[in-house]
Amino acid sequence: MDHKTLLKKIKLSIQLMELHDENPFKIRSYQSALISLERGDQDIMGLSEAELAKIQGVGKSMGEAIQQLKETDTFPFLEELLTKTPEGIMEVLQIKGLGPKKVKILWEELGITSTHELMEACQSGKVAKIKGFGEKTQDTIIQNLEFKASNAGKWLYAAIEELIGQLEETLRLMAPEADLAIVGDFARQIEVITEAEFLIASDEMAAVKSKIKAMESIEWILLESGPRTLRGKLKEIDLRVSIHFCSKEDFLWKKLSLIASPFHLDSMVDEKESVAQKLQKKDYSREAEFFSRNNLQFIPAEMREGFGEVELAKEHKIPELLTEKDLKGILHNHSTYSDGKHSLKQMAMYCKELGYEYLGISDHSKTAFYAGGLTEDQILKQHQEIDALNVEMAPFRIFKGIESDILSDGKLDYVDSVLATFDFIVASVHSILNMDIKRATTRLITAIENPYTTILGHPTGRLLLRRQGYPLDHKAIIDACAANNVVIEINANPWRLDLDWRYVRYAMDQGVMLSINPDAHAMESYADMKYGVLVGRKGGLSKEMTLNAMTGEEIGTYFNSRLEKLKVKK
Ligand SMILES: [Zn+2]
Ligand SMILES: [Zn+2]
């Protein structure tokens with residue numbers, strides 16, 4: 001068990017206590033313990049029972065529970081709660097907008113103990129009639145149930161990356177002499193993954209297969225499997241697994257065929273033949289040779305989507321793709337001034353420690369009161385602290401920024417004289433997300449046309465697998481950014497990855513730069529930049545078109561020249 005899973009189990013026990021009407025004092029003590037554990041920087045796994053008991057809110061009994069969780073993955077009280085909870089209720093508890101209290105009412109009044117029963121009750125209008133529910137709640141529940149059903153078996157790339165790596169390792173140990181490759185969507189670093197796919201070429205196929213069939217972690221579905229492919233499902237989480245088999249001679253073309261998307265395979269290399277047809281010739285012995293033999297520039301695996309990359313490769317127009325090493329600084333970050341977990345200084349020191357040249361801090365603006373948005377006074381105070389830190393930490397630089405809310409009419413939420421005090425401004429939408437495409441596009445364009453806007457933050461507001469973003473006319477937005485010299489963020493939080501990689505090339509073609517921003521609310525989230533780079537690469541992003549690939553000096557000049565232009569205009 002790790003720190004995160006442990007916190008999840010505590011959260012679960014709180015939900016179940018509420019569901020079963022446990023003593024409110026006990027519930028409250030668990031809640032306050034959870035809050036301080038979430039706030040703390042320490043990894044609970046490394047703490048002794050005595051050290052645990054010293055954390056505020058964690059008393060003796062909670063300390064014991066945590067110790068038991070660490071040793072046995074559970075604790076007696078949680079087991080007791082689980083025993084008296086119907087299994088289907090656990091799933092109902094996961095539905096967004098339904099807290100334990102509402103779930104309890106549904107259970108007691110309508111006997112609902114599964115999502116299936118809940119859906120039926122909603123569709124027949126029974127849920128709306130319960131006191132405290134109503135039509136609107138019922139509609140929301142239906143929507144959330146549908147959304148959940150459509151997302152079953154889907155995982156964020158970042159959420160299953162480690163697991164797929166472990167599976168690969170297990171397979172490698174089972175068949176050390178075999179050729180092995182990860183193929184499918186994961187090999188192309190798609191943002192949402194539905195299947196872990198592997199290709200194995202072995203001279204001892206029968207032996208390898210029987211070892212794989214005996215794997216405890218996977219339930220094989222023999223009806224869907226054949227002599228060349230085993231299909232199944234992981235037992236632990238809802239993820240499909242496919243393992244393809246071939247001879248060692250066929251390994252390379254099989255690998256290339258299974259990594260590519262169907263659209264890539266269908267793309268025409270010349271007038272007569274598609275990628276798939278060229279691959280079948282097997283007249284190459286290395287991956288790079290396949291491309292050179294067909295007069296194509298090498299296409300990196302993550303770009304093999306059928307998204308125009310074959311055309312680009314014919315003209316040798318694929319740029320050298322951005323790498324993590326190219327990034328010289330980290331923009332769009334939060335500190336304890338608004339809703340961040342770490343102080344400005346901690347954020348800056350850690351950024352420097354990681355080898356970056358600069359940090360762009362952009363806490364929430366005053367309209368985002370729920371996130372502790374900054375008043376004009378707090379901005380002044382933050383700027384003084386930044387000035388002092390810039391002296392102390394030189395040549396490292398902190399740039400003064402703000403994540404200014406885009407109001408419903410597209411305005412930013414400070415007056416110009418305040419906006420003028422920042423080095424850069426990230427303009428983002430955080431409220432009123434249910435707009436139609438016309439209103440949303442106009443709102444964003446108004447913000448883009450604001451001369452103080454430097455970067456457009458998370459353009460659609462989407463949260464993958466959780467919330468669809470508002471609809472946007474992406475091309476109109478990108479054109480407006482080109483006309484107003486505004487950079488677009490690729491928000492690197494694995495839930496967002498917004499701007500979507502499918503629009504990166506259009507942006508670059510219009511001369512619009514992209515910025516890989518972690519939107520970090522804690523130091524450790526700097527690591528998310530990796531996922532921003534992955535999707536940037538999928539979209540064909542180059543170092544030259546990446547804002548934070550600029551050195552500290554370059555970006556300082558860039559921010560200044562924008563501000564100078566504003567002064568001239570006035
Ligand atoms: Zn934001
Ligand atoms: Zn943010």
# chains A, B, ... in the order shown; residues from 1 in each chain; ligands from 1

call {"tool": "residues_around", "arguments": {"residues": "Val92 in chain A", "least_positions_apart": "3", "cutoff": "10 Å", "atoms": "only C-alpha atoms", "output": "list in words"}}
result
Glu87, Gly88, Ile89, Ile95, Lys96, Leu98, Gly99, Pro100, Val103, Leu106, Trp107, Ile112, Thr113, Ser114, Thr115, His116, Glu117, Leu118 and Leu145 of chain A

call {"tool": "closest_atom_pairs", "arguments": {"of": "chain A", "to": "ligand 1", "cutoff": "12 Å", "atoms": "only C-alpha atoms and all ligand atoms", "output": "tab-separated table"}}
result
residue	atom	partner	partner_atom_place_in_ligand_line	distance
A:His332	CA	ligand 1	1 (Zn)	8.8
A:Asn333	CA	ligand 1	1 (Zn)	9.6
A:His334	CA	ligand 1	1 (Zn)	9.6
A:Ser338	CA	ligand 1	1 (Zn)	11.7
A:Asp339	CA	ligand 1	1 (Zn)	10.9
A:Gly340	CA	ligand 1	1 (Zn)	11.9
A:Ser362	CA	ligand 1	1 (Zn)	9.6
A:Asp363	CA	ligand 1	1 (Zn)	9.1
A:His364	CA	ligand 1	1 (Zn)	7.6
A:Ser365	CA	ligand 1	1 (Zn)	10.0
A:Ala368	CA	ligand 1	1 (Zn)	9.6
A:Ala371	CA	ligand 1	1 (Zn)	10.0
A:Gly373	CA	ligand 1	1 (Zn)	11.3
A:Ile402	CA	ligand 1	1 (Zn)	10.3
A:Glu403	CA	ligand 1	1 (Zn)	6.8
A:Ser404	CA	ligand 1	1 (Zn)	8.7
A:Asp405	CA	ligand 1	1 (Zn)	8.1
A:Ile406	CA	ligand 1	1 (Zn)	10.2
A:Ile425	CA	ligand 1	1 (Zn)	11.9
A:Val426	CA	ligand 1	1 (Zn)	8.6
A:Ala427	CA	ligand 1	1 (Zn)	8.3
A:Ser428	CA	ligand 1	1 (Zn)	5.7
A:Val429	CA	ligand 1	1 (Zn)	6.9
A:His430	CA	ligand 1	1 (Zn)	6.3
A:Ser431	CA	ligand 1	1 (Zn)	10.1
A:Ile455	CA	ligand 1	1 (Zn)	11.7
A:Leu456	CA	ligand 1	1 (Zn)	10.0
A:Gly457	CA	ligand 1	1 (Zn)	6.5
A:His458	CA	ligand 1	1 (Zn)	6.7
A:Pro459	CA	ligand 1	1 (Zn)	9.5
A:Thr460	CA	ligand 1	1 (Zn)	10.7
A:Gly461	CA	ligand 1	1 (Zn)	8.1
A:Arg462	CA	ligand 1	1 (Zn)	10.8
A:Leu463	CA	ligand 1	1 (Zn)	11.5
A:Glu489	CA	ligand 1	1 (Zn)	10.7
A:Ile490	CA	ligand 1	1 (Zn)	11.9
A:Asn491	CA	ligand 1	1 (Zn)	9.0
A:Ala492	CA	ligand 1	1 (Zn)	11.7
A:Asn493	CA	ligand 1	1 (Zn)	10.6
A:Arg496	CA	ligand 1	1 (Zn)	10.2
A:Asp498	CA	ligand 1	1 (Zn)	11.0
A:Asn517	CA	ligand 1	1 (Zn)	10.7
A:Pro518	CA	ligand 1	1 (Zn)	10.5
A:Asp519	CA	ligand 1	1 (Zn)	7.1
A:Ala520	CA	ligand 1	1 (Zn)	10.0
A:His521	CA	ligand 1	1 (Zn)	10.2

call {"tool": "atom_distance", "arguments": {"atom1": "CA of Glu553 in chain A", "atom2": "CA of Leu359 in chain A"}}
result
12.4 Å

call {"tool": "select_by_dssp", "arguments": {"residues": "range 404-446 of chain A", "states": "strand (DSSP E or B)", "output": "JSON list (two decimals) with N, CA and C atoms, in the first residue's frame"}}
result
[["chain", "number", "residue", "atom", "x", "y", "z"],
["A", 404, "SER", "N", -5.82, 34.92, -13.95],
["A", 404, "SER", "CA", -6.96, 35.81, -13.85],
["A", 404, "SER", "C", -8.21, 35.12, -14.40],
["A", 405, "ASP", "N", -9.26, 35.14, -13.60],
["A", 405, "ASP", "CA", -10.53, 34.55, -14.04],
["A", 405, "ASP", "C", -11.07, 35.31, -15.25],
["A", 406, "ILE", "N", -11.56, 34.56, -16.22],
["A", 406, "ILE", "CA", -12.28, 35.19, -17.32],
["A", 406, "ILE", "C", -13.74, 35.26, -16.89],
["A", 412, "LEU", "N", -11.30, 40.37, -17.79],
["A", 412, "LEU", "CA", -10.46, 39.85, -16.72],
["A", 412, "LEU", "C", -10.85, 40.58, -15.43],
["A", 424, "PHE", "N", 3.39, 38.37, -16.45],
["A", 424, "PHE", "CA", 2.56, 37.61, -17.40],
["A", 424, "PHE", "C", 1.22, 37.28, -16.76],
["A", 425, "ILE", "N", 0.24, 37.07, -17.61],
["A", 425, "ILE", "CA", -1.10, 36.77, -17.11],
["A", 425, "ILE", "C", -1.67, 35.54, -17.82],
["A", 426, "VAL", "N", -2.06, 34.56, -17.00],
["A", 426, "VAL", "CA", -2.77, 33.39, -17.54],
["A", 426, "VAL", "C", -4.25, 33.69, -17.38],
["A", 427, "ALA", "N", -4.99, 33.69, -18.48],
["A", 427, "ALA", "CA", -6.43, 33.95, -18.39],
["A", 427, "ALA", "C", -7.18, 32.63, -18.51],
["A", 428, "SER", "N", -8.01, 32.32, -17.50],
["A", 428, "SER", "CA", -8.70, 31.02, -17.48],
["A", 428, "SER", "C", -10.15, 31.17, -17.07]]

call {"tool": "residues_around", "arguments": {"residues": "Glu564 in chain A", "least_positions_apart": "6", "cutoff": "12 Å", "atoms": "only C-alpha atoms", "output": "list in words"}}
result
Ala420, Asp423, Pro451, Tyr452, Thr557, Tyr558 and Lys570 of chain A

call {"tool": "residues_around", "arguments": {"residues": "Gln382 in chain A", "least_positions_apart": "6", "cutoff": "12 Å", "atoms": "only C-alpha atoms", "output": "PyMOL selection string"}}
result
chain A and resi 334-338+343-345+361-363+374-376+388-389+398-402+421-422

call {"tool": "write_last_selection", "arguments": {"atoms": "N, CA, C and O atoms", "output": "mmCIF file, in the first residue's frame"}}
result
data_model
loop_
_atom_site.group_PDB
_atom_site.id
_atom_site.type_symbol
_atom_site.label_atom_id
_atom_site.label_comp_id
_atom_site.auth_asym_id
_atom_site.auth_seq_id
_atom_site.Cartn_x
_atom_site.Cartn_y
_atom_site.Cartn_z
ATOM 1 N N HIS A 334 0.633 27.548 -8.420
ATOM 2 C CA HIS A 334 -0.064 28.165 -7.294
ATOM 3 C C HIS A 334 0.749 28.000 -6.007
ATOM 4 O O HIS A 334 1.536 27.064 -5.878
ATOM 5 N N SER A 335 0.550 28.912 -5.079
ATOM 6 C CA SER A 335 1.255 28.834 -3.795
ATOM 7 C C SER A 335 0.220 29.004 -2.684
ATOM 8 O O SER A 335 -0.972 29.114 -2.951
ATOM 9 N N THR A 336 0.694 29.043 -1.445
ATOM 10 C CA THR A 336 -0.233 29.216 -0.328
ATOM 11 C C THR A 336 -0.902 30.592 -0.354
ATOM 12 O O THR A 336 -1.833 30.826 0.410
ATOM 13 N N TYR A 337 -0.450 31.493 -1.222
ATOM 14 C CA TYR A 337 -1.164 32.775 -1.347
ATOM 15 C C TYR A 337 -2.610 32.524 -1.787
ATOM 16 O O TYR A 337 -3.508 33.235 -1.391
ATOM 17 N N SER A 338 -2.815 31.496 -2.670
ATOM 18 C CA SER A 338 -4.206 31.120 -2.971
ATOM 19 C C SER A 338 -4.437 29.692 -2.483
ATOM 20 O O SER A 338 -4.328 29.444 -1.286
ATOM 21 N N SER A 343 4.485 27.024 0.086
ATOM 22 C CA SER A 343 4.702 28.469 0.049
ATOM 23 C C SER A 343 5.432 28.853 -1.228
ATOM 24 O O SER A 343 6.026 28.014 -1.905
ATOM 25 N N LEU A 344 5.358 30.129 -1.524
ATOM 26 C CA LEU A 344 6.065 30.679 -2.684
ATOM 27 C C LEU A 344 7.534 30.272 -2.653
ATOM 28 O O LEU A 344 8.093 29.812 -3.648
ATOM 29 N N LYS A 345 8.149 30.411 -1.493
ATOM 30 C CA LYS A 345 9.569 30.102 -1.384
ATOM 31 C C LYS A 345 9.835 28.613 -1.616
ATOM 32 O O LYS A 345 10.754 28.242 -2.332
ATOM 33 N N ILE A 361 4.853 32.247 -11.110
ATOM 34 C CA ILE A 361 3.817 31.979 -10.120
ATOM 35 C C ILE A 361 2.540 32.665 -10.597
ATOM 36 O O ILE A 361 2.571 33.787 -11.076
ATOM 37 N N SER A 362 1.438 31.957 -10.552
ATOM 38 C CA SER A 362 0.181 32.588 -10.986
ATOM 39 C C SER A 362 -0.935 32.034 -10.118
ATOM 40 O O SER A 362 -1.600 31.085 -10.480
ATOM 41 N N ASP A 363 -1.083 32.663 -8.957
ATOM 42 C CA ASP A 363 -2.143 32.256 -8.042
ATOM 43 C C ASP A 363 -3.490 32.690 -8.598
ATOM 44 O O ASP A 363 -3.555 33.412 -9.590
ATOM 45 N N LEU A 374 -6.486 36.277 -4.941
ATOM 46 C CA LEU A 374 -5.741 37.368 -4.324
ATOM 47 C C LEU A 374 -6.413 38.741 -4.475
ATOM 48 O O LEU A 374 -6.811 39.125 -5.570
ATOM 49 N N THR A 375 -6.488 39.472 -3.361
ATOM 50 C CA THR A 375 -6.923 40.866 -3.420
ATOM 51 C C THR A 375 -5.734 41.709 -3.871
ATOM 52 O O THR A 375 -4.594 41.239 -3.878
ATOM 53 N N GLU A 376 -6.008 42.972 -4.195
ATOM 54 C CA GLU A 376 -4.928 43.862 -4.645
ATOM 55 C C GLU A 376 -3.824 43.980 -3.591
ATOM 56 O O GLU A 376 -2.644 44.032 -3.923
ATOM 57 N N ALA A 388 12.246 40.169 -3.221
ATOM 58 C CA ALA A 388 13.279 39.764 -2.257
ATOM 59 C C ALA A 388 13.875 38.409 -2.631
ATOM 60 O O ALA A 388 15.093 38.226 -2.606
ATOM 61 N N LEU A 389 13.013 37.468 -3.001
ATOM 62 C CA LEU A 389 13.500 36.129 -3.372
ATOM 63 C C LEU A 389 14.367 36.196 -4.632
ATOM 64 O O LEU A 389 15.345 35.461 -4.754
ATOM 65 N N ILE A 398 11.967 34.421 -10.422
ATOM 66 C CA ILE A 398 10.522 34.163 -10.277
ATOM 67 C C ILE A 398 9.810 35.257 -11.055
ATOM 68 O O ILE A 398 10.088 36.443 -10.866
ATOM 69 N N PHE A 399 8.933 34.868 -11.946
ATOM 70 C CA PHE A 399 8.155 35.858 -12.682
ATOM 71 C C PHE A 399 6.799 36.043 -12.006
ATOM 72 O O PHE A 399 6.183 35.085 -11.533
ATOM 73 N N LYS A 400 6.368 37.308 -11.991
ATOM 74 C CA LYS A 400 5.099 37.634 -11.337
ATOM 75 C C LYS A 400 3.955 37.395 -12.303
ATOM 76 O O LYS A 400 3.878 38.022 -13.349
ATOM 77 N N GLY A 401 3.096 36.481 -11.914
ATOM 78 C CA GLY A 401 1.940 36.213 -12.763
ATOM 79 C C GLY A 401 0.681 36.112 -11.937
ATOM 80 O O GLY A 401 0.712 36.217 -10.704
ATOM 81 N N ILE A 402 -0.418 35.906 -12.601
ATOM 82 C CA ILE A 402 -1.693 35.674 -11.923
ATOM 83 C C ILE A 402 -2.537 34.814 -12.865
ATOM 84 O O ILE A 402 -2.355 34.888 -14.083
ATOM 85 N N THR A 421 0.931 45.322 -13.437
ATOM 86 C CA THR A 421 2.034 45.066 -12.504
ATOM 87 C C THR A 421 2.611 43.653 -12.640
ATOM 88 O O THR A 421 3.586 43.323 -11.980
ATOM 89 N N PHE A 422 1.999 42.828 -13.489
ATOM 90 C CA PHE A 422 2.477 41.446 -13.631
ATOM 91 C C PHE A 422 3.421 41.295 -14.825
ATOM 92 O O PHE A 422 3.330 42.035 -15.792
#

call {"tool": "atom_distance", "arguments": {"atom1": "CA of Lys328 in chain A", "atom2": "CA of Glu357 in chain A"}}
result
5.8 Å

call {"tool": "atom_distance", "arguments": {"atom1": "CA of Ser285 in chain A", "atom2": "CA of Val183 in chain A"}}
result
18.3 Å

call {"tool": "select_by_dssp", "arguments": {"residues": "range 83-316 of chain A", "states": "helix (DSSP H, G or I)", "output": "ChimeraX atom specification"}}
result
/A:83,87-93,100-110,115-123,126-129,134-150,157-174,185-188,205-213,222-224,251-259,262-266,275-280,287-293,301-303,309-314

call {"tool": "residues_around", "arguments": {"residues": "Arg537 in chain A", "least_positions_apart": "6", "cutoff": "12 Å", "atoms": "only C-alpha atoms", "output": "ChimeraX atom specification"}}
result
/A:188-190,299-304,309,318-324,490,500-505,514,516,530-531,543,545-546

call {"tool": "residues_around", "arguments": {"residues": "Met1 in chain A", "least_positions_apart": "5", "cutoff": "10 Å", "atoms": "only C-alpha atoms", "output": "list of chain:residue names"}}
result
A:Leu6, A:Met45, A:Leu69, A:Lys70, A:Glu71, A:Thr72, A:Asp73, A:Thr74

call {"tool": "residues_around", "arguments": {"residues": "Lys475 in chain A", "least_positions_apart": "6", "cutoff": "10 Å", "atoms": "only C-alpha atoms", "output": "number ranges by chain"}}
result
A: 441, 481, 503, 506-507, 510

call {"tool": "closest_residue", "arguments": {"among": "A:Gly539, A:Leu156, A:Ser257, A:Val486", "to": "Phe307 in chain A", "atoms": "only C-alpha atoms"}}
result
A:Gly539

call {"tool": "closest_residue", "arguments": {"among": "A:Ala206, A:Arg466, A:Gly360, A:Val391", "to": "ligand 2", "atoms": "only C-alpha atoms and all ligand atoms"}}
result
A:Gly360

call {"tool": "closest_residue", "arguments": {"among": "A:Asn151, A:Gly372, A:Asn548, A:Gly59", "to": "ligand 2", "atoms": "only C-alpha atoms and all ligand atoms"}}
result
A:Gly372

call {"tool": "decode", "arguments": {"residues": "range 232-259 of chain A", "atoms": "N, CA, C and O atoms", "output": "mmCIF file, in the first residue's frame"}}
result
data_model
loop_
_atom_site.group_PDB
_atom_site.id
_atom_site.type_symbol
_atom_site.label_atom_id
_atom_site.label_comp_id
_atom_site.auth_asym_id
_atom_site.auth_seq_id
_atom_site.Cartn_x
_atom_site.Cartn_y
_atom_site.Cartn_z
ATOM 1 N N GLY A 232 -8.206 -10.703 -22.258
ATOM 2 C CA GLY A 232 -8.758 -10.875 -20.917
ATOM 3 C C GLY A 232 -8.891 -9.551 -20.211
ATOM 4 O O GLY A 232 -8.918 -8.492 -20.850
ATOM 5 N N LYS A 233 -8.991 -9.643 -18.911
ATOM 6 C CA LYS A 233 -9.233 -8.462 -18.099
ATOM 7 C C LYS A 233 -8.420 -8.594 -16.823
ATOM 8 O O LYS A 233 -8.319 -9.693 -16.287
ATOM 9 N N LEU A 234 -7.880 -7.485 -16.362
ATOM 10 C CA LEU A 234 -7.200 -7.532 -15.074
ATOM 11 C C LEU A 234 -8.235 -7.801 -13.985
ATOM 12 O O LEU A 234 -9.365 -7.341 -14.078
ATOM 13 N N LYS A 235 -7.841 -8.545 -12.959
ATOM 14 C CA LYS A 235 -8.795 -8.810 -11.883
ATOM 15 C C LYS A 235 -8.902 -7.617 -10.940
ATOM 16 O O LYS A 235 -9.965 -7.333 -10.398
ATOM 17 N N GLU A 236 -7.790 -6.928 -10.756
ATOM 18 C CA GLU A 236 -7.764 -5.869 -9.753
ATOM 19 C C GLU A 236 -8.528 -4.619 -10.191
ATOM 20 O O GLU A 236 -9.281 -4.035 -9.417
ATOM 21 N N ILE A 237 -8.320 -4.202 -11.431
ATOM 22 C CA ILE A 237 -9.056 -3.036 -11.918
ATOM 23 C C ILE A 237 -9.677 -3.355 -13.268
ATOM 24 O O ILE A 237 -9.291 -4.315 -13.933
ATOM 25 N N ASP A 238 -10.634 -2.535 -13.673
ATOM 26 C CA ASP A 238 -11.370 -2.774 -14.908
ATOM 27 C C ASP A 238 -10.540 -2.306 -16.112
ATOM 28 O O ASP A 238 -10.729 -1.207 -16.608
ATOM 29 N N LEU A 239 -9.617 -3.137 -16.545
ATOM 30 C CA LEU A 239 -8.803 -2.804 -17.710
ATOM 31 C C LEU A 239 -8.597 -4.053 -18.548
ATOM 32 O O LEU A 239 -8.244 -5.119 -18.040
ATOM 33 N N ARG A 240 -8.846 -3.890 -19.836
ATOM 34 C CA ARG A 240 -8.661 -5.027 -20.747
ATOM 35 C C ARG A 240 -7.181 -5.267 -21.011
ATOM 36 O O ARG A 240 -6.385 -4.331 -21.028
ATOM 37 N N VAL A 241 -6.831 -6.529 -21.253
ATOM 38 C CA VAL A 241 -5.453 -6.883 -21.586
ATOM 39 C C VAL A 241 -5.485 -7.761 -22.826
ATOM 40 O O VAL A 241 -6.301 -8.682 -22.915
ATOM 41 N N SER A 242 -4.621 -7.461 -23.799
ATOM 42 C CA SER A 242 -4.484 -8.339 -24.960
ATOM 43 C C SER A 242 -3.014 -8.661 -25.157
ATOM 44 O O SER A 242 -2.166 -7.770 -25.065
ATOM 45 N N ILE A 243 -2.746 -9.928 -25.418
ATOM 46 C CA ILE A 243 -1.366 -10.307 -25.727
ATOM 47 C C ILE A 243 -1.343 -11.001 -27.084
ATOM 48 O O ILE A 243 -2.038 -11.991 -27.306
ATOM 49 N N HIS A 244 -0.608 -10.412 -28.006
ATOM 50 C CA HIS A 244 -0.498 -10.964 -29.353
ATOM 51 C C HIS A 244 0.783 -11.777 -29.450
ATOM 52 O O HIS A 244 1.798 -11.424 -28.845
ATOM 53 N N PHE A 245 0.726 -12.859 -30.246
ATOM 54 C CA PHE A 245 1.902 -13.712 -30.413
ATOM 55 C C PHE A 245 2.278 -13.777 -31.888
ATOM 56 O O PHE A 245 1.402 -13.758 -32.761
ATOM 57 N N CYS A 246 3.577 -13.857 -32.143
ATOM 58 C CA CYS A 246 4.010 -14.059 -33.528
ATOM 59 C C CYS A 246 5.400 -14.691 -33.508
ATOM 60 O O CYS A 246 6.008 -14.846 -32.449
ATOM 61 N N SER A 247 5.882 -15.040 -34.704
ATOM 62 C CA SER A 247 7.227 -15.607 -34.789
ATOM 63 C C SER A 247 8.249 -14.475 -34.717
ATOM 64 O O SER A 247 7.912 -13.312 -34.944
ATOM 65 N N LYS A 248 9.472 -14.843 -34.428
ATOM 66 C CA LYS A 248 10.504 -13.807 -34.317
ATOM 67 C C LYS A 248 10.717 -13.071 -35.636
ATOM 68 O O LYS A 248 11.002 -11.877 -35.649
ATOM 69 N N GLU A 249 10.553 -13.786 -36.768
ATOM 70 C CA GLU A 249 10.733 -13.131 -38.077
ATOM 71 C C GLU A 249 9.671 -12.050 -38.297
ATOM 72 O O GLU A 249 9.919 -11.054 -38.950
ATOM 73 N N ASP A 250 8.490 -12.295 -37.762
ATOM 74 C CA ASP A 250 7.390 -11.357 -37.990
ATOM 75 C C ASP A 250 7.320 -10.226 -36.967
ATOM 76 O O ASP A 250 6.480 -9.338 -37.071
ATOM 77 N N PHE A 251 8.197 -10.279 -35.971
ATOM 78 C CA PHE A 251 8.064 -9.361 -34.837
ATOM 79 C C PHE A 251 8.009 -7.888 -35.258
ATOM 80 O O PHE A 251 7.124 -7.145 -34.842
ATOM 81 N N LEU A 252 8.929 -7.486 -36.132
ATOM 82 C CA LEU A 252 9.011 -6.061 -36.456
ATOM 83 C C LEU A 252 7.770 -5.554 -37.188
ATOM 84 O O LEU A 252 7.206 -4.532 -36.822
ATOM 85 N N TRP A 253 7.334 -6.289 -38.215
ATOM 86 C CA TRP A 253 6.157 -5.741 -38.925
ATOM 87 C C TRP A 253 4.903 -5.815 -38.085
ATOM 88 O O TRP A 253 4.050 -4.943 -38.111
ATOM 89 N N LYS A 254 4.821 -6.860 -37.243
ATOM 90 C CA LYS A 254 3.673 -6.961 -36.338
ATOM 91 C C LYS A 254 3.680 -5.798 -35.350
ATOM 92 O O LYS A 254 2.652 -5.180 -35.072
ATOM 93 N N LYS A 255 4.854 -5.534 -34.833
ATOM 94 C CA LYS A 255 4.987 -4.457 -33.856
ATOM 95 C C LYS A 255 4.561 -3.120 -34.479
ATOM 96 O O LYS A 255 3.758 -2.372 -33.910
ATOM 97 N N LEU A 256 5.095 -2.846 -35.668
ATOM 98 C CA LEU A 256 4.747 -1.586 -36.324
ATOM 99 C C LEU A 256 3.250 -1.525 -36.647
ATOM 100 O O LEU A 256 2.618 -0.482 -36.516
ATOM 101 N N SER A 257 2.684 -2.661 -37.035
ATOM 102 C CA SER A 257 1.256 -2.675 -37.374
ATOM 103 C C SER A 257 0.386 -2.482 -36.140
ATOM 104 O O SER A 257 -0.668 -1.849 -36.202
ATOM 105 N N LEU A 258 0.823 -3.044 -35.016
ATOM 106 C CA LEU A 258 0.004 -2.973 -33.805
ATOM 107 C C LEU A 258 0.182 -1.676 -33.028
ATOM 108 O O LEU A 258 -0.671 -1.299 -32.229
ATOM 109 N N ILE A 259 1.286 -0.985 -33.263
ATOM 110 C CA ILE A 259 1.453 0.318 -32.601
ATOM 111 C C ILE A 259 0.614 1.378 -33.316
ATOM 112 O O ILE A 259 -0.016 2.217 -32.691
#
